[in-house]
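Visitor: Okay, so here is run22.pdb, and as you'll see once you scroll down, it has PDB, C-alpha atoms.
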```pdb
ATOM      1  CA  MET A  38       3.394  27.301 -21.510  1.00  0.00           C
ATOM      2  CA  THR A  39       0.031  27.532 -23.202  1.00  0.00           C
ATOM      3  CA  ASP A  40      -3.045  25.828 -21.752  1.00  0.00           C
ATOM      4  CA  THR A  41      -3.114  23.456 -24.733  1.00  0.00           C
ATOM      5  CA  ASN A  42       0.532  22.446 -24.194  1.00  0.00           C
ATOM      6  CA  ARG A  43      -0.083  21.985 -20.460  1.00  0.00           C
ATOM      7  CA  GLU A  44      -3.101  19.746 -21.181  1.00  0.00           C
ATOM      8  CA  GLN A  45      -1.125  17.678 -23.697  1.00  0.00           C
ATOM      9  CA  GLN A  46       1.802  17.342 -21.275  1.00  0.00           C
ATOM     10  CA  ALA A  47      -0.573  16.345 -18.453  1.00  0.00           C
ATOM     11  CA  ASP A  48      -2.418  13.804 -20.650  1.00  0.00           C
ATOM     12  CA  ALA A  49       0.850  12.189 -21.752  1.00  0.00           C
ATOM     13  CA  LEU A  50       2.195  12.113 -18.181  1.00  0.00           C
ATOM     14  CA  ILE A  51      -1.021  10.597 -16.803  1.00  0.00           C
ATOM     15  CA  ALA A  52      -1.030   7.926 -19.529  1.00  0.00           C
ATOM     16  CA  ARG A  53       2.634   7.058 -18.787  1.00  0.00           C
ATOM     17  CA  MET A  54       2.040   6.856 -15.044  1.00  0.00           C
ATOM     18  CA  LYS A  55      -1.071   4.680 -15.439  1.00  0.00           C
ATOM     19  CA  LYS A  56       0.759   2.338 -17.805  1.00  0.00           C
ATOM     20  CA  ALA A  57       3.779   2.005 -15.497  1.00  0.00           C
ATOM     21  CA  ARG A  58       1.783   1.527 -12.274  1.00  0.00           C
ATOM     22  CA  GLY A  59      -1.413  -0.064 -13.514  1.00  0.00           C
ATOM     23  CA  TYR A  60      -3.381   2.558 -11.576  1.00  0.00           C
ATOM     24  CA  MET A  61      -3.362   6.254 -10.709  1.00  0.00           C
ATOM     25  CA  TYR A  62      -4.942   7.907  -7.721  1.00  0.00           C
ATOM     26  CA  PRO A  63      -7.364  10.742  -8.585  1.00  0.00           C
ATOM     27  CA  GLU A  64      -5.396  13.236  -6.495  1.00  0.00           C
ATOM     28  CA  TRP A  65      -2.263  12.598  -8.586  1.00  0.00           C
ATOM     29  CA  GLU A  66      -4.220  12.993 -11.787  1.00  0.00           C
ATOM     30  CA  PHE A  67      -5.554  16.304 -10.461  1.00  0.00           C
ATOM     31  CA  ALA A  68      -2.020  17.395  -9.495  1.00  0.00           C
ATOM     32  CA  ALA A  69      -0.704  16.458 -12.947  1.00  0.00           C
ATOM     33  CA  ARG A  70      -3.336  18.654 -14.568  1.00  0.00           C
ATOM     34  CA  GLN A  71      -2.514  21.564 -12.249  1.00  0.00           C
ATOM     35  CA  ASP A  72       1.286  21.333 -12.362  1.00  0.00           C
ATOM     36  CA  PRO A  73       2.613  18.737 -14.814  1.00  0.00           C
ATOM     37  CA  GLU A  74       6.235  19.849 -14.323  1.00  0.00           C
ATOM     38  CA  PHE A  75       6.097  19.093 -10.578  1.00  0.00           C
ATOM     39  CA  VAL A  76       4.424  15.717 -11.079  1.00  0.00           C
ATOM     40  CA  GLU A  77       6.929  14.881 -13.830  1.00  0.00           C
ATOM     41  CA  ALA A  78       9.777  15.532 -11.367  1.00  0.00           C
ATOM     42  CA  TYR A  79       8.006  13.424  -8.709  1.00  0.00           C
ATOM     43  CA  ASN A  80       7.444  10.636 -11.233  1.00  0.00           C
ATOM     44  CA  ARG A  81      11.146  10.532 -12.141  1.00  0.00           C
ATOM     45  CA  LEU A  82      12.002  10.138  -8.444  1.00  0.00           C
ATOM     46  CA  TYR A  83       9.319   7.445  -8.059  1.00  0.00           C
ATOM     47  CA  GLU A  84      10.563   5.504 -11.087  1.00  0.00           C
ATOM     48  CA  GLN A  85      14.171   5.594  -9.869  1.00  0.00           C
ATOM     49  CA  SER A  86      13.255   4.287  -6.430  1.00  0.00           C
ATOM     50  CA  LEU A  87      10.017   2.299  -6.699  1.00  0.00           C
ATOM     51  CA  GLY A  88       9.362   1.808 -10.412  1.00  0.00           C
ATOM     52  CA  GLU A  89       9.062  -1.423 -12.385  1.00  0.00           C
ATOM     53  CA  GLY A  90      12.296  -3.132 -13.249  1.00  0.00           C
ATOM     54  CA  GLN A  91      13.743  -2.590  -9.802  1.00  0.00           C
ATOM     55  CA  HIS A  92      14.967  -5.569  -7.797  1.00  0.00           C
ATOM     56  CA  VAL A  93      11.966  -5.900  -5.509  1.00  0.00           C
ATOM     57  CA  SER A  94       8.411  -7.002  -6.193  1.00  0.00           C
ATOM     58  CA  ALA A  95       5.506  -4.594  -6.481  1.00  0.00           C
ATOM     59  CA  LYS A  96       4.188  -5.882  -3.133  1.00  0.00           C
ATOM     60  CA  VAL A  97       7.475  -5.049  -1.388  1.00  0.00           C
ATOM     61  CA  ARG A  98       7.535  -1.632  -3.066  1.00  0.00           C
ATOM     62  CA  GLU A  99       4.108  -1.021  -1.489  1.00  0.00           C
ATOM     63  CA  PHE A 100       5.605  -2.018   1.887  1.00  0.00           C
ATOM     64  CA  VAL A 101       8.327   0.592   1.330  1.00  0.00           C
ATOM     65  CA  ALA A 102       5.702   3.237   0.504  1.00  0.00           C
ATOM     66  CA  ILE A 103       3.762   2.275   3.668  1.00  0.00           C
ATOM     67  CA  ALA A 104       6.905   2.556   5.777  1.00  0.00           C
ATOM     68  CA  LEU A 105       7.778   5.962   4.307  1.00  0.00           C
ATOM     69  CA  LEU A 106       4.260   7.288   4.897  1.00  0.00           C
ATOM     70  CA  CYS A 107       4.302   6.019   8.490  1.00  0.00           C
ATOM     71  CA  PHE A 108       7.730   7.526   9.099  1.00  0.00           C
ATOM     72  CA  ARG A 109       6.765  10.955   7.875  1.00  0.00           C
ATOM     73  CA  GLY A 110       3.257  10.865   9.356  1.00  0.00           C
ATOM     74  CA  GLY A 111       1.497  10.603   6.012  1.00  0.00           C
ATOM     75  CA  GLU A 112      -2.201  11.182   5.711  1.00  0.00           C
ATOM     76  CA  ARG A 113      -4.424   8.189   6.344  1.00  0.00           C
ATOM     77  CA  GLY A 114      -5.949   8.019   2.849  1.00  0.00           C
ATOM     78  CA  GLY A 115      -2.598   7.443   1.150  1.00  0.00           C
ATOM     79  CA  LEU A 116      -1.561   4.903   3.755  1.00  0.00           C
ATOM     80  CA  VAL A 117      -4.795   2.934   3.384  1.00  0.00           C
ATOM     81  CA  ALA A 118      -4.523   3.048  -0.432  1.00  0.00           C
ATOM     82  CA  HIS A 119      -1.008   1.549  -0.311  1.00  0.00           C
ATOM     83  CA  MET A 120      -2.134  -1.097   2.200  1.00  0.00           C
ATOM     84  CA  LYS A 121      -5.040  -2.097  -0.058  1.00  0.00           C
ATOM     85  CA  ARG A 122      -2.708  -2.250  -3.039  1.00  0.00           C
ATOM     86  CA  ALA A 123      -0.263  -4.438  -1.071  1.00  0.00           C
ATOM     87  CA  ILE A 124      -3.127  -6.822  -0.287  1.00  0.00           C
ATOM     88  CA  GLN A 125      -4.173  -6.870  -3.960  1.00  0.00           C
ATOM     89  CA  LEU A 126      -0.570  -7.763  -4.786  1.00  0.00           C
ATOM     90  CA  GLY A 127      -0.620 -10.710  -2.386  1.00  0.00           C
ATOM     91  CA  ALA A 128       0.243  -9.360   1.071  1.00  0.00           C
ATOM     92  CA  THR A 129      -1.088 -11.727   3.704  1.00  0.00           C
ATOM     93  CA  PRO A 130      -2.950 -10.801   6.887  1.00  0.00           C
ATOM     94  CA  ALA A 131       0.316 -11.607   8.713  1.00  0.00           C
ATOM     95  CA  GLU A 132       2.643  -9.398   6.653  1.00  0.00           C
ATOM     96  CA  LEU A 133       0.997  -6.024   7.256  1.00  0.00           C
ATOM     97  CA  PRO A 134       0.811  -6.443  11.060  1.00  0.00           C
ATOM     98  CA  ALA A 135       4.444  -7.603  11.031  1.00  0.00           C
ATOM     99  CA  LEU A 136       5.390  -4.506   9.062  1.00  0.00           C
ATOM    100  CA  ARG A 137       3.475  -2.415  11.582  1.00  0.00           C
ATOM    101  CA  ALA A 138       5.330  -4.068  14.478  1.00  0.00           C
ATOM    102  CA  PHE A 139       8.724  -3.281  12.939  1.00  0.00           C
ATOM    103  CA  LEU A 140       7.685   0.305  12.220  1.00  0.00           C
ATOM    104  CA  GLU A 141       6.458   0.813  15.781  1.00  0.00           C
ATOM    105  CA  ARG A 142       9.489  -0.898  17.351  1.00  0.00           C
ATOM    106  CA  PRO A 143      12.628  -0.406  15.242  1.00  0.00           C
ATOM    107  CA  ASP A 144      14.615  -2.304  17.898  1.00  0.00           C
ATOM    108  CA  LEU A 145      12.844  -5.571  17.016  1.00  0.00           C
ATOM    109  CA  ASP A 146      14.948  -8.208  15.300  1.00  0.00           C
ATOM    110  CA  ALA A 147      12.144 -10.692  14.648  1.00  0.00           C
ATOM    111  CA  VAL A 148       8.454 -11.288  15.274  1.00  0.00           C
ATOM    112  CA  ARG A 149       6.194 -14.288  14.928  1.00  0.00           C
ATOM    113  CA  ALA A 150       3.398 -13.273  12.568  1.00  0.00           C
ATOM    114  CA  SER A 151       0.417 -15.438  11.816  1.00  0.00           C
ATOM    115  CA  SER A 152      -2.732 -15.031   9.827  1.00  0.00           C
ATOM    116  CA  VAL A 153      -6.069 -16.545  10.730  1.00  0.00           C
ATOM    117  CA  GLU A 154      -9.140 -17.114   8.587  1.00  0.00           C
ATOM    118  CA  VAL A 155     -12.395 -17.955  10.332  1.00  0.00           C
ATOM    119  CA  TYR A 156     -15.435 -19.052   8.384  1.00  0.00           C
ATOM    120  CA  GLY A 157     -18.564 -18.307  10.415  1.00  0.00           C
ATOM    121  CA  ASP A 158     -19.136 -16.132  13.464  1.00  0.00           C
ATOM    122  CA  CYS A 159     -15.977 -15.096  15.288  1.00  0.00           C
ATOM    123  CA  ASP A 160     -14.719 -12.682  17.920  1.00  0.00           C
ATOM    124  CA  PRO A 161     -11.022 -12.097  17.172  1.00  0.00           C
ATOM    125  CA  PRO A 162      -8.765 -11.701  20.212  1.00  0.00           C
ATOM    126  CA  PRO A 163      -8.207  -8.105  21.376  1.00  0.00           C
ATOM    127  CA  GLN A 164      -4.612  -8.033  20.056  1.00  0.00           C
ATOM    128  CA  ALA A 165      -5.710  -9.162  16.568  1.00  0.00           C
ATOM    129  CA  ILE A 166      -5.393  -6.813  13.625  1.00  0.00           C
ATOM    130  CA  VAL A 167      -8.518  -7.436  11.576  1.00  0.00           C
ATOM    131  CA  MET A 168      -7.913  -7.189   7.843  1.00  0.00           C
ATOM    132  CA  LEU A 169     -11.284  -8.377   6.559  1.00  0.00           C
ATOM    133  CA  ARG A 170     -14.646  -9.049   8.077  1.00  0.00           C
ATOM    134  CA  GLY A 171     -17.676  -9.560   5.896  1.00  0.00           C
ATOM    135  CA  VAL A 172     -19.980 -11.881   4.071  1.00  0.00           C
ATOM    136  CA  ASP A 173     -18.799 -13.716   0.987  1.00  0.00           C
ATOM    137  CA  PRO A 174     -21.731 -14.652  -1.313  1.00  0.00           C
ATOM    138  CA  ASN A 175     -20.353 -18.197  -1.748  1.00  0.00           C
ATOM    139  CA  ILE A 176     -19.087 -19.111   1.721  1.00  0.00           C
ATOM    140  CA  GLY A 177     -20.868 -16.761   4.101  1.00  0.00           C
ATOM    141  CA  LEU A 178     -19.321 -14.856   7.003  1.00  0.00           C
ATOM    142  CA  ILE A 179     -15.515 -14.645   6.881  1.00  0.00           C
ATOM    143  CA  THR A 180     -12.984 -12.912   9.121  1.00  0.00           C
ATOM    144  CA  LYS A 181      -9.265 -12.593   8.365  1.00  0.00           C
ATOM    145  CA  TYR A 182      -6.887 -11.229  10.949  1.00  0.00           C
ATOM    146  CA  GLY A 183      -3.220 -11.157  11.858  1.00  0.00           C
ATOM    147  CA  LEU A 184      -1.497 -11.799  15.152  1.00  0.00           C
ATOM    148  CA  ILE A 185       1.950 -10.638  16.182  1.00  0.00           C
ATOM    149  CA  GLU A 186       3.849 -12.312  19.007  1.00  0.00           C
ATOM    150  CA  PRO A 187       7.419 -12.023  20.247  1.00  0.00           C
ATOM    151  CA  HIS A 188       9.782 -14.398  18.481  1.00  0.00           C
ATOM    152  CA  ALA A 189      11.691 -16.648  20.836  1.00  0.00           C
ATOM    153  CA  ASP A 190      15.217 -17.374  19.666  1.00  0.00           C
TER     154      ASP A 190
END
```
Mind turning this structure into structure tokens?

Guide:
Amino acid sequence: MTDTNREQQADALIARMKKARGYMYPEWEFAARQDPEFVEAYNRLYEQSLGEGQHVSAKVREFVAIALLCFRGGERGGLVAHMKRAIQLGATPAELPALRAFLERPDLDAVRASSVEVYGDCDPPPQAIVMLRGVDPNIGLITKYGLIEPHAD
């Protein structure tokens, strides 16, 4: 394949992936430019399992990606990117800690997950999983965290 053909194939692939996902991580764009055939094969697998038009929401597809990365020991950057995307898609501060609990303890049948928002100064409890802590220009200091507790039947 000539360099021109490879560039055209990479450009078309990148455009397709961005359109389908609404985003594209820089490392995948780099990979597509280096080896468009490999990324094309990966993209086909992605579309068959996690692409639009499947029977689960984009948020749940991000949960699946998080679970797969945790299972295989994925690098932290990819895991954090999928967690941020899940939050952008509506994941609550309770859902991600609940997902974490099920990943850490596959024997669990149920958990009680709650999310807490505190406006003003706050020291979350030690078992809290802090999702956001910062200053909002309109409301001031805000902390969002999740708590996981055993579910009593």

Visitor: Which neighbours of region 120-136 of chain A fall inside 6 Å, counting only C-alpha atoms, when residues of the same chain fewer than 4 positions from it are skipped, and could you give them as a list in words?

Guide: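 My reading of the contact set: Lys96, Glu99, Ala150, Ser151, Ser152, Tyr182 and Gly183 of chain A.
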
Visitor: When you draw a straight line from CA of Asp72 (chain A) to CA of Glu44 (chain A), how long is it in Å?

Guide: 10.0 Å

Visitor: Care to translate the PyMOL selection byres ((chain A and resi 171) around 12) into actual residues of this file, as a VMD selection string?

Guide: chain A and resid 154 to 159 167 to 170 172 to 181

Visitor: Output the residue selection produced by the PyMOL selection byres ((chain A and resi 163) around 12) on the file above, formatted as a PyMOL selection string.

Guide: chain A and resi 160-162+164-167+182-185

Visitor: Evaluating the PyMOL selection byres ((chain A and resi 67-69) around 12) on the displayed file yields which residues, as a compact mmCIF listing (two decimals) with C-alpha atoms, keeping the file's coordinate frame?

Guide:
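To be explicit, this is the file written out as result35.txt:
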```txt
# COMPACT_ATOMS: atom_id res chain seq x y z
CA ARG A 43 -0.08 21.98 -20.46
CA GLU A 44 -3.10 19.75 -21.18
CA GLN A 45 -1.12 17.68 -23.70
CA GLN A 46 1.80 17.34 -21.28
CA ALA A 47 -0.57 16.34 -18.45
CA ASP A 48 -2.42 13.80 -20.65
CA ALA A 49 0.85 12.19 -21.75
CA LEU A 50 2.19 12.11 -18.18
CA ILE A 51 -1.02 10.60 -16.80
CA ALA A 52 -1.03 7.93 -19.53
CA ARG A 53 2.63 7.06 -18.79
CA MET A 54 2.04 6.86 -15.04
CA MET A 61 -3.36 6.25 -10.71
CA TYR A 62 -4.94 7.91 -7.72
CA PRO A 63 -7.36 10.74 -8.59
CA GLU A 64 -5.40 13.24 -6.50
CA TRP A 65 -2.26 12.60 -8.59
CA GLU A 66 -4.22 12.99 -11.79
CA ARG A 70 -3.34 18.65 -14.57
CA GLN A 71 -2.51 21.56 -12.25
CA ASP A 72 1.29 21.33 -12.36
CA PRO A 73 2.61 18.74 -14.81
CA GLU A 74 6.24 19.85 -14.32
CA PHE A 75 6.10 19.09 -10.58
CA VAL A 76 4.42 15.72 -11.08
CA GLU A 77 6.93 14.88 -13.83
CA ALA A 78 9.78 15.53 -11.37
CA TYR A 79 8.01 13.42 -8.71
CA ASN A 80 7.44 10.64 -11.23
```

Visitor: Calculate how many Å separate CA of Glu141 (chain A) from CA of Phe108 (chain A), rounding to one decimal.

Guide: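 Separation of CA of Glu141 (chain A) and CA of Phe108 (chain A): 9.6 Å.
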
Visitor: Just the number, please: distance in Å from CA of Gly59 (chain A) to CA of Phe139 (chain A), one decimal.

Guide: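 CA of Phe139 (chain A) lies 28.5 Å from CA of Gly59 (chain A).
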
Visitor: Would you mind putting N, CA and C atoms back on region 117-136 of chain A and writing the result as a PDB file, in the frame of the given file?

Guide:
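Result written to selection-v9.pdb:
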```pdb
ATOM      1  N   VAL A 117      -3.799   3.978   3.628  1.00  0.00           N
ATOM      2  CA  VAL A 117      -4.795   2.934   3.384  1.00  0.00           C
ATOM      3  C   VAL A 117      -4.747   2.482   1.920  1.00  0.00           C
ATOM      4  N   ALA A 118      -4.587   3.407   0.995  1.00  0.00           N
ATOM      5  CA  ALA A 118      -4.523   3.048  -0.432  1.00  0.00           C
ATOM      6  C   ALA A 118      -3.339   2.119  -0.694  1.00  0.00           C
ATOM      7  N   HIS A 119      -2.179   2.410  -0.104  1.00  0.00           N
ATOM      8  CA  HIS A 119      -1.008   1.549  -0.311  1.00  0.00           C
ATOM      9  C   HIS A 119      -1.194   0.201   0.378  1.00  0.00           C
ATOM     10  N   MET A 120      -1.867   0.175   1.528  1.00  0.00           N
ATOM     11  CA  MET A 120      -2.134  -1.097   2.200  1.00  0.00           C
ATOM     12  C   MET A 120      -3.071  -1.962   1.351  1.00  0.00           C
ATOM     13  N   LYS A 121      -4.116  -1.350   0.798  1.00  0.00           N
ATOM     14  CA  LYS A 121      -5.040  -2.097  -0.058  1.00  0.00           C
ATOM     15  C   LYS A 121      -4.317  -2.628  -1.289  1.00  0.00           C
ATOM     16  N   ARG A 122      -3.456  -1.810  -1.856  1.00  0.00           N
ATOM     17  CA  ARG A 122      -2.708  -2.250  -3.039  1.00  0.00           C
ATOM     18  C   ARG A 122      -1.772  -3.399  -2.674  1.00  0.00           C
ATOM     19  N   ALA A 123      -1.133  -3.335  -1.506  1.00  0.00           N
ATOM     20  CA  ALA A 123      -0.263  -4.438  -1.071  1.00  0.00           C
ATOM     21  C   ALA A 123      -1.062  -5.731  -0.947  1.00  0.00           C
ATOM     22  N   ILE A 124      -2.268  -5.638  -0.409  1.00  0.00           N
ATOM     23  CA  ILE A 124      -3.127  -6.822  -0.287  1.00  0.00           C
ATOM     24  C   ILE A 124      -3.503  -7.349  -1.663  1.00  0.00           C
ATOM     25  N   GLN A 125      -3.848  -6.447  -2.593  1.00  0.00           N
ATOM     26  CA  GLN A 125      -4.173  -6.870  -3.960  1.00  0.00           C
ATOM     27  C   GLN A 125      -2.992  -7.571  -4.615  1.00  0.00           C
ATOM     28  N   LEU A 126      -1.784  -7.182  -4.212  1.00  0.00           N
ATOM     29  CA  LEU A 126      -0.570  -7.763  -4.786  1.00  0.00           C
ATOM     30  C   LEU A 126      -0.109  -9.005  -4.033  1.00  0.00           C
ATOM     31  N   GLY A 127      -0.912  -9.444  -3.050  1.00  0.00           N
ATOM     32  CA  GLY A 127      -0.620 -10.710  -2.386  1.00  0.00           C
ATOM     33  C   GLY A 127      -0.161 -10.627  -0.947  1.00  0.00           C
ATOM     34  N   ALA A 128      -0.144  -9.447  -0.343  1.00  0.00           N
ATOM     35  CA  ALA A 128       0.243  -9.360   1.071  1.00  0.00           C
ATOM     36  C   ALA A 128      -0.752 -10.153   1.908  1.00  0.00           C
ATOM     37  N   THR A 129      -0.236 -10.899   2.859  1.00  0.00           N
ATOM     38  CA  THR A 129      -1.088 -11.727   3.704  1.00  0.00           C
ATOM     39  C   THR A 129      -1.529 -10.945   4.941  1.00  0.00           C
ATOM     40  N   PRO A 130      -2.549 -11.449   5.634  1.00  0.00           N
ATOM     41  CA  PRO A 130      -2.950 -10.801   6.887  1.00  0.00           C
ATOM     42  C   PRO A 130      -1.853 -10.819   7.947  1.00  0.00           C
ATOM     43  N   ALA A 131      -0.802 -11.611   7.763  1.00  0.00           N
ATOM     44  CA  ALA A 131       0.316 -11.607   8.713  1.00  0.00           C
ATOM     45  C   ALA A 131       1.370 -10.559   8.348  1.00  0.00           C
ATOM     46  N   GLU A 132       1.556 -10.288   7.075  1.00  0.00           N
ATOM     47  CA  GLU A 132       2.643  -9.398   6.653  1.00  0.00           C
ATOM     48  C   GLU A 132       2.429  -7.946   7.074  1.00  0.00           C
ATOM     49  N   LEU A 133       1.219  -7.432   6.900  1.00  0.00           N
ATOM     50  CA  LEU A 133       0.997  -6.024   7.256  1.00  0.00           C
ATOM     51  C   LEU A 133       1.118  -5.782   8.765  1.00  0.00           C
ATOM     52  N   PRO A 134       0.570  -6.637   9.631  1.00  0.00           N
ATOM     53  CA  PRO A 134       0.811  -6.443  11.060  1.00  0.00           C
ATOM     54  C   PRO A 134       2.296  -6.574  11.438  1.00  0.00           C
ATOM     55  N   ALA A 135       3.006  -7.482  10.765  1.00  0.00           N
ATOM     56  CA  ALA A 135       4.444  -7.603  11.031  1.00  0.00           C
ATOM     57  C   ALA A 135       5.166  -6.319  10.632  1.00  0.00           C
ATOM     58  N   LEU A 136       4.810  -5.777   9.486  1.00  0.00           N
ATOM     59  CA  LEU A 136       5.390  -4.506   9.062  1.00  0.00           C
ATOM     60  C   LEU A 136       5.104  -3.422  10.093  1.00  0.00           C
TER      61      LEU A 136
END
```
